[in-house]
file protein_1.cif (mmCIF, C-alpha atoms and all ligand atoms)
data_entry
#
loop_
_atom_site.label_atom_id
_atom_site.label_comp_id
_atom_site.auth_asym_id
_atom_site.auth_seq_id
_atom_site.Cartn_x
_atom_site.Cartn_y
_atom_site.Cartn_z
CA MET A 285 19.23 -5.84 -22.74
CA GLU A 286 15.76 -7.10 -23.56
CA ARG A 287 12.93 -6.62 -21.07
CA LYS A 288 12.66 -10.35 -20.28
CA LYS A 289 16.33 -10.53 -19.48
CA PHE A 290 16.37 -7.43 -17.32
CA ILE A 291 13.36 -8.62 -15.36
CA LYS A 292 15.36 -11.73 -14.64
CA ALA A 293 18.33 -9.59 -13.65
CA GLY A 294 16.08 -7.60 -11.33
CA LEU A 295 14.63 -10.71 -9.74
CA GLY A 296 18.08 -12.17 -9.29
CA ALA A 297 19.23 -9.06 -7.51
CA VAL A 298 16.19 -9.09 -5.22
CA LEU A 299 16.68 -12.74 -4.40
CA ALA A 300 20.29 -12.01 -3.64
CA GLY A 301 19.13 -9.25 -1.31
CA THR A 302 20.21 -6.23 -3.37
CA LEU A 303 17.75 -4.23 -5.39
CA PRO A 304 18.83 -2.97 -8.78
CA TYR A 305 18.83 0.82 -9.25
CA SER A 306 15.21 0.56 -10.31
CA TRP A 307 12.97 -2.49 -10.53
CA GLY A 308 13.29 -4.06 -13.96
CA LYS A 309 15.29 -1.22 -15.46
CA PRO A 310 17.90 -2.34 -17.96
CA LYS A 311 21.26 -1.68 -16.36
CA ASN A 312 22.71 -0.16 -19.49
CA GLY A 313 19.42 0.13 -21.30
CA ASP A 314 18.35 3.16 -23.24
CA THR A 315 15.31 4.91 -21.86
CA SER A 316 15.13 7.77 -24.34
CA ILE A 317 11.66 8.14 -25.80
CA ASP A 318 12.51 7.50 -29.44
CA THR A 319 14.05 4.11 -28.71
CA ILE A 320 11.00 2.72 -26.90
CA ASP A 321 8.71 0.60 -29.01
CA VAL A 322 5.13 1.82 -28.60
CA SER A 323 3.63 -0.22 -31.40
CA ASN A 324 1.33 -2.16 -29.07
CA TRP A 325 0.05 -1.91 -25.48
CA GLU A 326 2.09 -4.84 -24.21
CA LYS A 327 5.28 -3.17 -25.38
CA ILE A 328 4.21 0.16 -23.88
CA ARG A 329 3.63 -1.49 -20.50
CA GLU A 330 7.33 -2.38 -20.52
CA ALA A 331 8.15 1.31 -20.31
CA PHE A 332 6.85 1.35 -16.72
CA PRO A 333 8.85 0.16 -13.72
CA LEU A 334 5.76 -1.17 -11.92
CA LYS A 335 6.67 -4.35 -10.06
CA PRO A 336 5.40 -7.56 -11.59
CA GLY A 337 2.48 -8.83 -9.51
CA LEU A 338 1.22 -5.34 -8.66
CA HIS A 339 -2.01 -4.33 -10.42
CA PHE A 340 -2.49 -0.59 -10.25
CA LEU A 341 -6.07 0.42 -11.00
CA ASN A 342 -5.86 3.70 -9.13
CA ASN A 343 -4.28 6.09 -11.56
CA GLY A 344 -6.94 8.62 -10.53
CA THR A 345 -5.03 9.18 -7.31
CA MET A 346 -1.56 9.24 -8.79
CA GLY A 347 -0.05 8.23 -12.10
CA ILE A 348 2.92 5.90 -12.29
CA THR A 349 5.82 7.40 -14.19
CA PRO A 350 7.41 5.70 -17.19
CA PHE A 351 11.19 5.27 -17.42
CA PRO A 352 11.79 8.29 -19.70
CA VAL A 353 10.16 10.63 -17.16
CA ILE A 354 12.07 9.17 -14.22
CA GLU A 355 15.30 9.44 -16.17
CA SER A 356 14.58 12.98 -17.18
CA VAL A 357 14.04 14.05 -13.54
CA ASN A 358 17.15 12.17 -12.40
CA ASN A 359 19.30 13.64 -15.17
CA ALA A 360 18.13 17.16 -14.45
CA PHE A 361 18.97 16.78 -10.74
CA THR A 362 22.40 15.45 -11.64
CA GLN A 363 23.13 18.16 -14.19
CA ILE A 364 22.07 20.92 -11.83
CA ALA A 365 24.31 19.51 -9.10
CA GLU A 366 27.24 18.90 -11.45
CA ASN A 367 27.15 22.33 -13.03
CA ALA A 368 25.80 24.36 -10.13
CA ALA A 369 23.22 25.46 -12.69
CA TYR A 370 20.35 27.49 -11.25
CA PRO A 371 17.19 26.35 -13.06
CA HIS A 372 16.10 29.67 -14.60
CA HIS A 373 12.51 29.91 -15.66
CA ASN A 374 11.82 29.68 -19.36
CA LYS A 375 8.58 29.19 -21.22
CA GLU A 376 9.23 25.80 -22.79
CA LEU A 377 6.89 23.82 -20.57
CA GLU A 378 4.13 26.43 -20.78
CA THR A 379 4.46 26.42 -24.57
CA LEU A 380 4.35 22.63 -24.87
CA LEU A 381 1.38 22.40 -22.53
CA ALA A 382 -0.46 25.26 -24.28
CA GLN A 383 -0.11 23.36 -27.57
CA THR A 384 -1.54 20.25 -25.90
CA VAL A 385 -4.54 21.89 -24.24
CA GLY A 386 -5.32 24.56 -26.84
CA CYS A 387 -4.50 27.91 -25.27
CA LEU A 388 -1.77 30.57 -25.25
CA PRO A 389 1.51 29.99 -23.34
CA GLU A 390 0.92 33.18 -21.35
CA GLU A 391 -2.36 31.75 -20.08
CA ILE A 392 -0.48 28.94 -18.30
CA GLY A 393 1.20 29.10 -14.90
CA ILE A 394 3.07 26.13 -13.42
CA THR A 395 2.04 25.08 -9.90
CA LYS A 396 2.87 22.20 -7.62
CA ASN A 397 -0.59 20.63 -7.73
CA VAL A 398 -4.27 21.17 -8.52
CA SER A 399 -5.08 22.45 -5.03
CA GLU A 400 -2.59 25.29 -5.45
CA GLY A 401 -4.14 26.30 -8.76
CA ILE A 402 -7.65 26.23 -7.29
CA ASN A 403 -6.44 28.38 -4.38
CA HIS A 404 -4.99 31.03 -6.70
CA ILE A 405 -8.32 31.12 -8.50
CA ALA A 406 -10.65 30.99 -5.50
CA TRP A 407 -8.83 33.79 -3.67
CA GLY A 408 -8.29 35.75 -6.87
CA VAL A 409 -11.76 36.16 -8.35
CA PRO A 410 -13.57 39.31 -7.21
CA LEU A 411 -16.39 38.34 -4.80
CA LYS A 412 -18.22 40.14 -2.00
CA PRO A 413 -20.16 38.78 1.00
CA GLY A 414 -23.41 37.15 -0.16
CA ASP A 415 -22.08 36.26 -3.64
CA GLU A 416 -22.67 32.61 -4.45
CA VAL A 417 -20.39 29.88 -5.80
CA ILE A 418 -21.95 26.70 -7.18
CA ILE A 419 -19.90 23.54 -6.69
CA THR A 420 -20.90 19.86 -6.82
CA GLN A 421 -21.38 17.24 -4.11
CA HIS A 422 -18.62 15.29 -5.85
CA GLU A 423 -15.72 17.64 -5.09
CA HIS A 424 -12.31 16.59 -3.94
CA ILE A 425 -11.23 18.62 -0.91
CA GLY A 426 -8.58 20.20 -3.16
CA GLY A 427 -11.31 21.47 -5.48
CA CYS A 428 -13.61 22.95 -2.84
CA ALA A 429 -11.65 23.81 0.33
CA ALA A 430 -10.55 27.26 -0.85
CA TRP A 431 -14.15 28.25 -1.69
CA MET A 432 -15.31 26.95 1.70
CA ARG A 433 -12.56 28.85 3.50
CA ARG A 434 -13.44 32.03 1.65
CA SER A 435 -17.00 31.45 2.77
CA GLN A 436 -15.84 31.12 6.40
CA LEU A 437 -13.68 34.23 6.22
CA GLU A 438 -15.57 36.52 3.88
CA GLY A 439 -19.18 35.39 3.93
CA ILE A 440 -19.54 34.24 0.33
CA LYS A 441 -22.17 31.49 -0.10
CA VAL A 442 -21.29 28.03 -1.40
CA LYS A 443 -24.01 25.79 -2.86
CA ALA A 444 -23.25 22.12 -3.61
CA VAL A 445 -25.39 20.35 -6.22
CA PRO A 446 -25.57 16.64 -7.15
CA ILE A 447 -24.29 15.44 -10.51
CA GLY A 448 -26.87 13.96 -12.87
CA SER A 449 -27.07 10.51 -14.38
CA SER A 450 -26.49 11.98 -17.86
CA ALA A 451 -24.74 15.03 -19.30
CA GLU A 452 -28.12 16.60 -19.98
CA GLU A 453 -29.25 16.11 -16.40
CA CYS A 454 -25.94 17.54 -15.06
CA LEU A 455 -26.48 20.68 -17.10
CA SER A 456 -30.08 21.12 -16.04
CA ILE A 457 -29.23 20.62 -12.34
CA ILE A 458 -26.67 23.43 -12.59
CA ALA A 459 -28.99 25.64 -14.63
CA ASN A 460 -31.73 25.24 -12.00
CA ALA A 461 -29.31 25.99 -9.16
CA ILE A 462 -28.34 29.41 -10.53
CA SER A 463 -29.71 32.31 -8.50
CA PRO A 464 -29.34 36.07 -8.85
CA ASP A 465 -26.43 35.80 -6.38
CA THR A 466 -24.47 33.22 -8.40
CA LYS A 467 -21.16 34.70 -9.47
CA VAL A 468 -19.07 31.57 -9.96
CA ILE A 469 -19.68 28.02 -11.18
CA ALA A 470 -16.72 25.91 -10.02
CA VAL A 471 -17.08 22.25 -10.95
CA PRO A 472 -14.76 19.38 -11.82
CA HIS A 473 -14.24 18.52 -15.48
CA ILE A 474 -14.07 14.91 -14.24
CA PRO A 475 -15.03 14.38 -10.56
CA CYS A 476 -12.65 12.30 -8.46
CA THR A 477 -15.51 10.25 -7.01
CA ILE A 478 -16.75 8.23 -9.99
CA GLY A 479 -14.91 9.83 -12.90
CA GLN A 480 -17.95 10.74 -14.97
CA ILE A 481 -17.06 13.38 -17.58
CA LEU A 482 -19.20 16.48 -17.03
CA PRO A 483 -20.52 18.53 -19.99
CA VAL A 484 -18.12 21.38 -19.30
CA LYS A 485 -18.44 23.15 -22.63
CA GLU A 486 -22.18 23.50 -22.13
CA ILE A 487 -21.77 24.46 -18.45
CA CYS A 488 -19.26 27.20 -19.37
CA ALA A 489 -21.50 28.48 -22.19
CA LEU A 490 -24.39 28.68 -19.74
CA ALA A 491 -22.20 30.56 -17.25
CA ARG A 492 -20.93 32.98 -19.91
CA LYS A 493 -24.47 33.71 -21.11
CA LYS A 494 -25.40 34.71 -17.57
CA GLY A 495 -22.24 36.69 -16.82
CA ILE A 496 -21.04 34.03 -14.34
CA ILE A 497 -17.35 33.13 -13.96
CA SER A 498 -16.54 29.51 -14.85
CA VAL A 499 -13.85 27.55 -13.02
CA LEU A 500 -12.95 23.94 -13.81
CA ASP A 501 -11.08 21.55 -11.56
CA GLY A 502 -9.11 19.66 -14.18
CA ALA A 503 -7.19 17.19 -12.03
CA HIS A 504 -8.00 14.22 -14.28
CA PRO A 505 -8.45 15.02 -17.98
CA LEU A 506 -4.87 15.85 -19.02
CA GLY A 507 -3.35 12.65 -20.35
CA MET A 508 -6.67 10.78 -20.31
CA ILE A 509 -8.85 12.59 -22.85
CA THR A 510 -8.04 15.24 -25.43
CA PHE A 511 -9.61 18.66 -24.94
CA ASN A 512 -9.15 22.26 -26.03
CA LEU A 513 -9.46 25.00 -23.43
CA HIS A 514 -10.36 27.75 -25.89
CA GLU A 515 -13.14 25.55 -27.23
CA ILE A 516 -14.40 24.73 -23.74
CA ASP A 517 -14.19 28.49 -23.13
CA CYS A 518 -13.84 28.40 -19.35
CA ASP A 519 -12.35 31.34 -17.45
CA TYR A 520 -10.09 29.25 -15.22
CA TYR A 521 -8.80 25.68 -15.17
CA ALA A 522 -6.49 23.95 -12.68
CA GLY A 523 -4.75 20.74 -13.71
CA CYS A 524 -1.76 18.57 -12.91
CA PHE A 525 0.88 16.43 -14.54
CA HIS A 526 0.99 13.78 -11.81
CA LYS A 527 -2.17 11.87 -12.60
CA TRP A 528 -3.07 10.79 -16.15
CA MET A 529 -0.16 12.64 -17.77
CA LEU A 530 2.19 10.37 -15.76
CA GLY A 531 4.54 13.22 -14.88
CA PRO A 532 6.53 13.74 -11.67
CA ILE A 533 4.53 13.69 -8.45
CA GLY A 534 3.89 17.22 -7.20
CA SER A 535 3.56 19.09 -10.50
CA GLY A 536 0.54 21.07 -11.60
CA TRP A 537 -0.61 23.92 -13.80
CA LEU A 538 -3.11 26.70 -13.91
CA TYR A 539 -4.94 28.27 -16.86
CA ILE A 540 -6.35 31.77 -16.75
CA LYS A 541 -8.13 33.13 -19.81
CA LYS A 542 -6.07 36.04 -21.07
CA ASP A 543 -8.65 38.75 -20.53
CA ARG A 544 -9.21 37.67 -16.92
CA ILE A 545 -5.60 37.79 -15.73
CA GLU A 546 -5.68 41.47 -14.81
CA GLN A 547 -8.94 41.13 -12.83
CA THR A 548 -7.60 38.17 -10.87
CA LYS A 549 -6.15 39.33 -7.60
CA ILE A 550 -2.65 38.13 -6.79
CA THR A 551 -1.39 38.27 -3.22
CA HIS A 552 1.64 35.94 -3.29
CA VAL A 553 4.39 37.55 -5.36
CA ALA A 554 8.15 37.18 -5.71
CA ALA A 555 10.71 36.57 -8.46
CA TYR A 556 8.98 35.91 -11.82
CA SER A 557 5.73 37.63 -10.71
CA VAL A 558 7.18 41.09 -11.19
CA ASN A 559 9.77 42.37 -13.63
CA ALA A 560 11.52 45.00 -11.54
CA PHE A 561 11.82 46.44 -8.05
CA ASP A 562 14.03 49.09 -6.45
CA MET A 563 14.56 49.09 -2.70
CA SER A 564 16.92 52.05 -2.93
CA ALA A 565 14.06 54.39 -3.87
CA GLN A 566 12.09 56.09 -1.09
CA PRO A 567 9.48 54.72 -0.76
CA PRO A 568 10.72 51.47 -2.33
CA GLU A 569 9.24 50.72 -5.73
CA MET A 570 8.01 47.56 -7.41
CA ASP A 571 6.28 46.94 -10.75
CA THR A 572 2.76 45.56 -10.67
CA PRO A 573 2.75 41.80 -11.39
CA ILE A 574 3.16 40.76 -15.02
CA LEU A 575 -0.03 40.05 -16.96
CA GLU A 576 0.67 36.40 -17.55
CA ALA A 577 -0.57 33.38 -15.62
CA SER A 578 3.06 32.52 -14.86
CA ARG A 579 3.01 35.34 -12.28
CA TYR A 580 1.49 32.76 -9.91
CA ALA A 581 4.64 30.63 -10.21
CA TYR A 582 7.01 32.65 -8.12
CA GLY A 583 10.43 32.03 -6.59
CA THR A 584 12.78 29.10 -7.14
CA PHE A 585 11.02 26.10 -8.60
CA SER A 586 11.97 22.49 -9.14
CA GLY A 587 13.95 22.41 -12.38
CA PRO A 588 13.95 18.57 -12.39
CA HIS A 589 10.17 18.51 -12.10
CA ILE A 590 9.84 20.94 -14.98
CA ALA A 591 12.14 18.72 -17.05
CA GLY A 592 10.07 15.65 -16.10
CA CYS A 593 6.81 17.37 -17.07
CA LYS A 594 8.23 18.26 -20.48
CA THR A 595 9.28 14.65 -20.99
CA ALA A 596 5.85 13.44 -19.88
CA LEU A 597 4.25 15.64 -22.54
CA GLU A 598 6.70 14.38 -25.17
CA TRP A 599 6.06 10.77 -24.13
CA TYR A 600 2.31 11.42 -24.36
CA GLN A 601 2.73 12.64 -27.94
CA HIS A 602 4.95 9.66 -28.71
CA VAL A 603 2.30 7.17 -27.54
CA GLY A 604 -0.47 9.20 -29.21
CA PRO A 605 -3.20 11.26 -27.49
CA GLU A 606 -6.15 9.95 -29.53
CA ARG A 607 -4.91 6.41 -29.23
CA ILE A 608 -4.59 6.77 -25.45
CA GLU A 609 -8.11 8.14 -25.12
CA LYS A 610 -9.48 5.27 -27.17
CA ARG A 611 -7.62 2.66 -25.13
CA VAL A 612 -8.55 4.17 -21.77
CA LYS A 613 -12.24 4.22 -22.75
CA GLN A 614 -12.09 0.75 -24.27
CA LEU A 615 -10.72 -0.66 -21.00
CA ASN A 616 -13.40 1.21 -19.11
CA SER A 617 -16.14 -0.29 -21.30
CA TYR A 618 -14.61 -3.70 -20.71
CA LEU A 619 -14.79 -3.01 -16.97
CA ARG A 620 -18.42 -1.91 -17.23
CA GLY A 621 -19.29 -5.04 -19.20
CA THR A 622 -17.50 -7.22 -16.67
CA LEU A 623 -19.33 -5.65 -13.73
CA GLU A 624 -22.64 -5.87 -15.56
CA ASN A 625 -22.16 -9.64 -15.59
CA ALA A 626 -22.81 -9.52 -11.85
CA GLY A 627 -26.37 -8.34 -12.54
CA ASN A 628 -28.05 -6.75 -9.53
CA LYS A 629 -25.22 -7.66 -7.20
CA VAL A 630 -23.43 -4.43 -8.09
CA GLN A 631 -24.54 -0.92 -8.90
CA ILE A 632 -22.56 1.18 -11.37
CA LEU A 633 -22.81 4.84 -10.47
CA ASN A 634 -21.63 6.45 -13.73
CA ALA A 635 -23.88 7.64 -16.54
CA ASN A 636 -24.23 4.98 -19.22
CA GLU A 637 -23.57 7.13 -22.31
CA ALA A 638 -20.42 7.51 -24.39
CA GLN A 639 -19.93 11.25 -23.88
CA SER A 640 -19.78 10.88 -20.07
CA GLN A 641 -17.41 7.94 -20.08
CA GLY A 642 -13.70 8.36 -19.40
CA GLY A 643 -11.12 6.21 -17.65
CA GLN A 644 -12.81 5.82 -14.28
CA LEU A 645 -15.86 4.10 -12.92
CA GLY A 646 -17.49 4.04 -9.49
CA PHE A 647 -19.52 1.08 -8.28
CA LYS A 648 -21.04 -0.35 -5.13
CA ILE A 649 -21.38 -3.95 -4.06
CA LEU A 650 -25.08 -4.42 -3.33
CA LYS A 651 -25.17 -8.03 -2.25
CA GLY A 652 -22.91 -10.13 -0.10
CA LEU A 653 -21.72 -7.41 2.24
CA ASN A 654 -23.77 -8.10 5.33
CA LYS A 655 -21.92 -11.02 6.76
CA ASP A 656 -18.59 -10.77 8.57
CA SER A 657 -18.59 -6.94 8.68
CA LYS A 658 -17.85 -6.71 5.00
CA SER A 659 -17.97 -3.29 3.36
CA GLN A 660 -17.08 -1.38 0.19
CA GLN A 661 -13.96 -0.13 1.95
CA GLY A 662 -13.24 -3.66 3.15
CA PHE A 663 -13.15 -4.82 -0.45
CA VAL A 664 -10.56 -2.18 -1.36
CA SER A 665 -8.35 -3.41 1.51
CA PHE A 666 -8.94 -7.03 0.50
CA ALA A 667 -7.95 -6.25 -3.11
CA ARG A 668 -4.85 -4.40 -1.87
CA LYS A 669 -3.77 -7.46 0.10
CA ASN A 670 -4.09 -9.39 -3.14
CA GLY A 671 -1.89 -6.98 -5.09
CA LEU A 672 -4.65 -4.95 -6.75
CA ILE A 673 -4.87 -1.27 -5.93
CA LEU A 674 -8.20 0.58 -6.08
CA ARG A 675 -9.59 3.72 -4.45
CA TYR A 676 -12.32 3.71 -1.83
CA VAL A 677 -14.52 6.81 -2.14
CA GLY A 678 -15.74 7.75 1.31
CA GLU A 679 -16.08 11.45 0.60
CA ASN A 680 -19.49 13.06 0.96
CA LYS A 681 -20.96 9.70 2.07
CA ILE A 682 -20.67 8.36 -1.49
CA ASP A 683 -19.23 5.07 -0.16
CA CYS A 684 -18.18 3.40 -3.41
CA ILE A 685 -15.23 1.73 -5.09
CA ARG A 686 -13.46 3.63 -7.87
CA VAL A 687 -11.55 1.86 -10.61
CA SER A 688 -9.19 3.72 -12.94
CA THR A 689 -8.19 2.22 -16.26
CA HIS A 690 -5.14 3.80 -17.83
CA TYR A 691 -3.56 2.54 -21.02
CA TYR A 692 -0.92 0.56 -19.14
CA ASN A 693 -3.67 -1.56 -17.55
CA THR A 694 -4.91 -4.75 -19.16
CA GLU A 695 -8.13 -6.69 -19.59
CA SER A 696 -6.67 -9.47 -17.45
CA GLU A 697 -6.25 -7.06 -14.53
CA ILE A 698 -9.94 -6.24 -14.81
CA ASP A 699 -10.75 -9.96 -14.87
CA ARG A 700 -8.66 -10.32 -11.74
CA LEU A 701 -10.61 -7.53 -10.07
CA PHE A 702 -13.84 -9.39 -10.83
CA GLU A 703 -12.46 -12.65 -9.48
CA LEU A 704 -11.51 -10.91 -6.24
CA LEU A 705 -14.92 -9.32 -6.06
CA LYS A 706 -16.61 -12.70 -6.34
CA LYS A 707 -14.33 -14.14 -3.70
CA TYR A 708 -14.91 -11.24 -1.31
CA ALA A 709 -18.64 -10.72 -1.69
CA TRP A 710 -20.31 -13.78 -3.12
CA ASP A 711 -18.27 -16.94 -2.87
C1 LIG B 1 -10.90 16.17 -8.84
C2 LIG B 1 -9.70 16.46 -7.99
N1 LIG B 1 -9.44 17.73 -7.66
C3 LIG B 1 -8.37 18.07 -6.91
C4 LIG B 1 -7.50 17.11 -6.46
C5 LIG B 1 -6.30 17.54 -5.66
O1 LIG B 1 -5.20 17.43 -6.48
P1 LIG B 1 -3.73 17.74 -5.94
O2 LIG B 1 -3.39 16.66 -5.01
O3 LIG B 1 -2.92 17.75 -7.20
O4 LIG B 1 -3.75 19.07 -5.32
C6 LIG B 1 -7.71 15.77 -6.78
C7 LIG B 1 -6.81 14.72 -6.31
O5 LIG B 1 -7.07 13.55 -6.37
C8 LIG B 1 -8.85 15.44 -7.57
O6 LIG B 1 -9.11 14.17 -7.90
#

call {"tool": "encode", "arguments": {"input": "protein_1.cif", "output": "structure tokens", "more": "lines below"}}
Ligand SMILES: Cc1ncc(COP(=O)(O)O)c(C=O)c1O
result
Amino acid sequence: MERKKFIKAGLGAVLAGTLPYSWGKPKNGDTSIDTIDVSNWEKIREAFPLKPGLHFLNNGTMGITPFPVIESVNNAFTQIAENAAYPHHNKELETLLAQTVGCLPEEIGITKNVSEGINHIAWGVPLKPGDEVIITQHEHIGGCAAWMRRSQLEGIKVKAVPIGSSAEECLSIIANAISPDTKVIAVPHIPCTIGQILPVKEICALARKKGIISVLDGAHPLGMITFNLHEIDCDYYAGCFHKWMLGPIGSGWLYIKKDRIEQTKITHVAAYSVNAFDMSAQPPEMDTPILEASRYAYGTFSGPHIAGCKTALEWYQHVGPERIEKRVKQLNSYLRGTLENAGNKVQILNANEAQSQGGQLGFKILKGLNKDSKSQQGFVSFARKNGLILRYVGENKIDCIRVSTHYYNTESEIDRLFELLKKYAWD
């Protein structure tokens, strides 16, 4: 059934009071990747079950999943239940991901989210009281909480620095913050606050030159921009599938550079972390954990999620990584241009240079907020009531509005955002 017809079918079902299995999904339609036309962005948008009338400009919080990914998760659940098939761990997902991000499969461990990956890293790197970790003032709690907790428990020092208004300034702020006590630089590749891309290759080179461990919070880049971990040359990286990669919610990954795995302490171990144990020996015996990042993925895991992540990576290749990056950035430039039309009524917080620009932008309304208790956060609620979803950034007193532009978004959704802005603040 064609998209137009199945939308009608969906609407009919809603009007009649019964929802179809999934909004807009063709009842007998094929959702396998190869059969979906990705020749233009309008067609690609049809691969998403997002309800008509909902404008989702908040992919930075959570990606929406396309039909093939949803189907893949559903099918895996069904097959496991039908066949009583325990989802044994294999390396397919690690291998596919390693090819995508430019590293070895054994340097990848699957996690449930970014926070889990950051925790494995923050508790695993060797540090003693008084050692210093440099983070930014633009951290998500998931990127910094483990370092802060280690500071509370073990007396390491945490120093938070601002991010600059250009890549060059970001680098020099970090360079100037380094002290003889600095042992770790742990910064986001793309901060959640305004989405400015940080010069991570240069930051990691600086760290390496000074014998400092580099850790990147990579919640956002995968699925938005292309990158190669061996070229960035960081020691650790924690990412996820559930934002820009549009994979199942609650699926993440962890990268540990091969020669650092052994030095990274591991406290949580179970099946898959160790190869063998013998409780009949006295004292009982157990191997030391395997020297692969997958040792951090222990015990039974969600087979359906793993299947969905693989499909998300395949879908990503099907649409085209370079093409996605271009589209995401093009929409973001369109957004910047649109906001710039408001002149000094808004302030864009991101650096205005191509290398720092990704698929997110943070801005503040400068004029029109004083009457009727209006606020940046108020605008996000107002937009939500009008079917347009944004993210308010209240963290660290930043107090701004964040807009995410993924490839499934459109210029007309950005125009709509601007219309709402005018109505809320200036009309
Ligand atoms: C930069 C950044 N780091 C970490 C996180 C936490 O990610 P998760 O919810 O996958 O643990 C987020 C979530 O939005 C984020 O934006």

call {"tool": "residues_around", "arguments": {"input": "protein_1.cif", "residues": "Gly536 in chain A", "least_positions_apart": "2", "cutoff": "10 Å", "atoms": "all atoms listed in the file", "output": "mmCIF file with C-alpha atoms, in the frame of the given file"}}
result
data_model
loop_
_atom_site.group_PDB
_atom_site.id
_atom_site.type_symbol
_atom_site.label_atom_id
_atom_site.label_comp_id
_atom_site.auth_asym_id
_atom_site.auth_seq_id
_atom_site.Cartn_x
_atom_site.Cartn_y
_atom_site.Cartn_z
ATOM 1 C CA GLY A 393 1.200 29.100 -14.900
ATOM 2 C CA ILE A 394 3.070 26.130 -13.420
ATOM 3 C CA THR A 395 2.040 25.080 -9.900
ATOM 4 C CA LYS A 396 2.870 22.200 -7.620
ATOM 5 C CA ASN A 397 -0.590 20.630 -7.730
ATOM 6 C CA VAL A 398 -4.270 21.170 -8.520
ATOM 7 C CA SER A 399 -5.080 22.450 -5.030
ATOM 8 C CA GLU A 400 -2.590 25.290 -5.450
ATOM 9 C CA GLY A 401 -4.140 26.300 -8.760
ATOM 10 C CA ALA A 503 -7.190 17.190 -12.030
ATOM 11 C CA ALA A 522 -6.490 23.950 -12.680
ATOM 12 C CA GLY A 523 -4.750 20.740 -13.710
ATOM 13 C CA CYS A 524 -1.760 18.570 -12.910
ATOM 14 C CA PHE A 525 0.880 16.430 -14.540
ATOM 15 C CA HIS A 526 0.990 13.780 -11.810
ATOM 16 C CA LYS A 527 -2.170 11.870 -12.600
ATOM 17 C CA GLY A 531 4.540 13.220 -14.880
ATOM 18 C CA PRO A 532 6.530 13.740 -11.670
ATOM 19 C CA ILE A 533 4.530 13.690 -8.450
ATOM 20 C CA GLY A 534 3.890 17.220 -7.200
ATOM 21 C CA LEU A 538 -3.110 26.700 -13.910
ATOM 22 C CA HIS A 589 10.170 18.510 -12.100
ATOM 23 C CA ILE A 590 9.840 20.940 -14.980
ATOM 24 C CA CYS A 593 6.810 17.370 -17.070
#

call {"tool": "residues_around", "arguments": {"input": "protein_1.cif", "residues": "Ile348 in chain A", "least_positions_apart": "5", "cutoff": "12 Å", "atoms": "all atoms listed in the file", "output": "list in words"}}
result
Arg329, Ala331, Phe332, Pro333, Leu334, Lys335, Leu338, His339, Phe340, Leu341, Asn342, Asn343, Val353, Ile354, Phe525, His526, Lys527, Trp528, Met529, Leu530, Gly531, Pro532, Ile533, Ala596, His690, Tyr691, Tyr692 and Asn693 of chain A

call {"tool": "residues_around", "arguments": {"input": "protein_1.cif", "residues": "Asn654 in chain A", "least_positions_apart": "6", "cutoff": "12 Å", "atoms": "only C-alpha atoms", "output": "PyMOL selection string"}}
result
chain A and resi 660+662+708-710

call {"tool": "closest_residue", "arguments": {"input": "protein_1.cif", "among": "A:Ala491, A:Ile478, A:Val468, A:Cys387", "to": "Leu455 in chain A", "atoms": "all atoms listed in the file"}}
result
A:Ala491

call {"tool": "atom_distance", "arguments": {"input": "protein_1.cif", "atom1": "CA of Asn636 in chain A", "atom2": "CA of Leu513 in chain A"}}
result
25.2 Å

call {"tool": "atom_distance", "arguments": {"input": "protein_1.cif", "atom1": "CA of Cys518 in chain A", "atom2": "CA of Tyr539 in chain A"}}
result
9.2 Å

call {"tool": "closest_residue", "arguments": {"input": "protein_1.cif", "among": "A:Ile317, A:Cys428, A:Ala577, A:Val664", "to": "Arg544 in chain A", "atoms": "all atoms listed in the file"}}
result
A:Ala577

call {"tool": "atom_distance", "arguments": {"input": "protein_1.cif", "atom1": "CA of Gln363 in chain A", "atom2": "CA of Ser316 in chain A"}}
result
16.6 Å
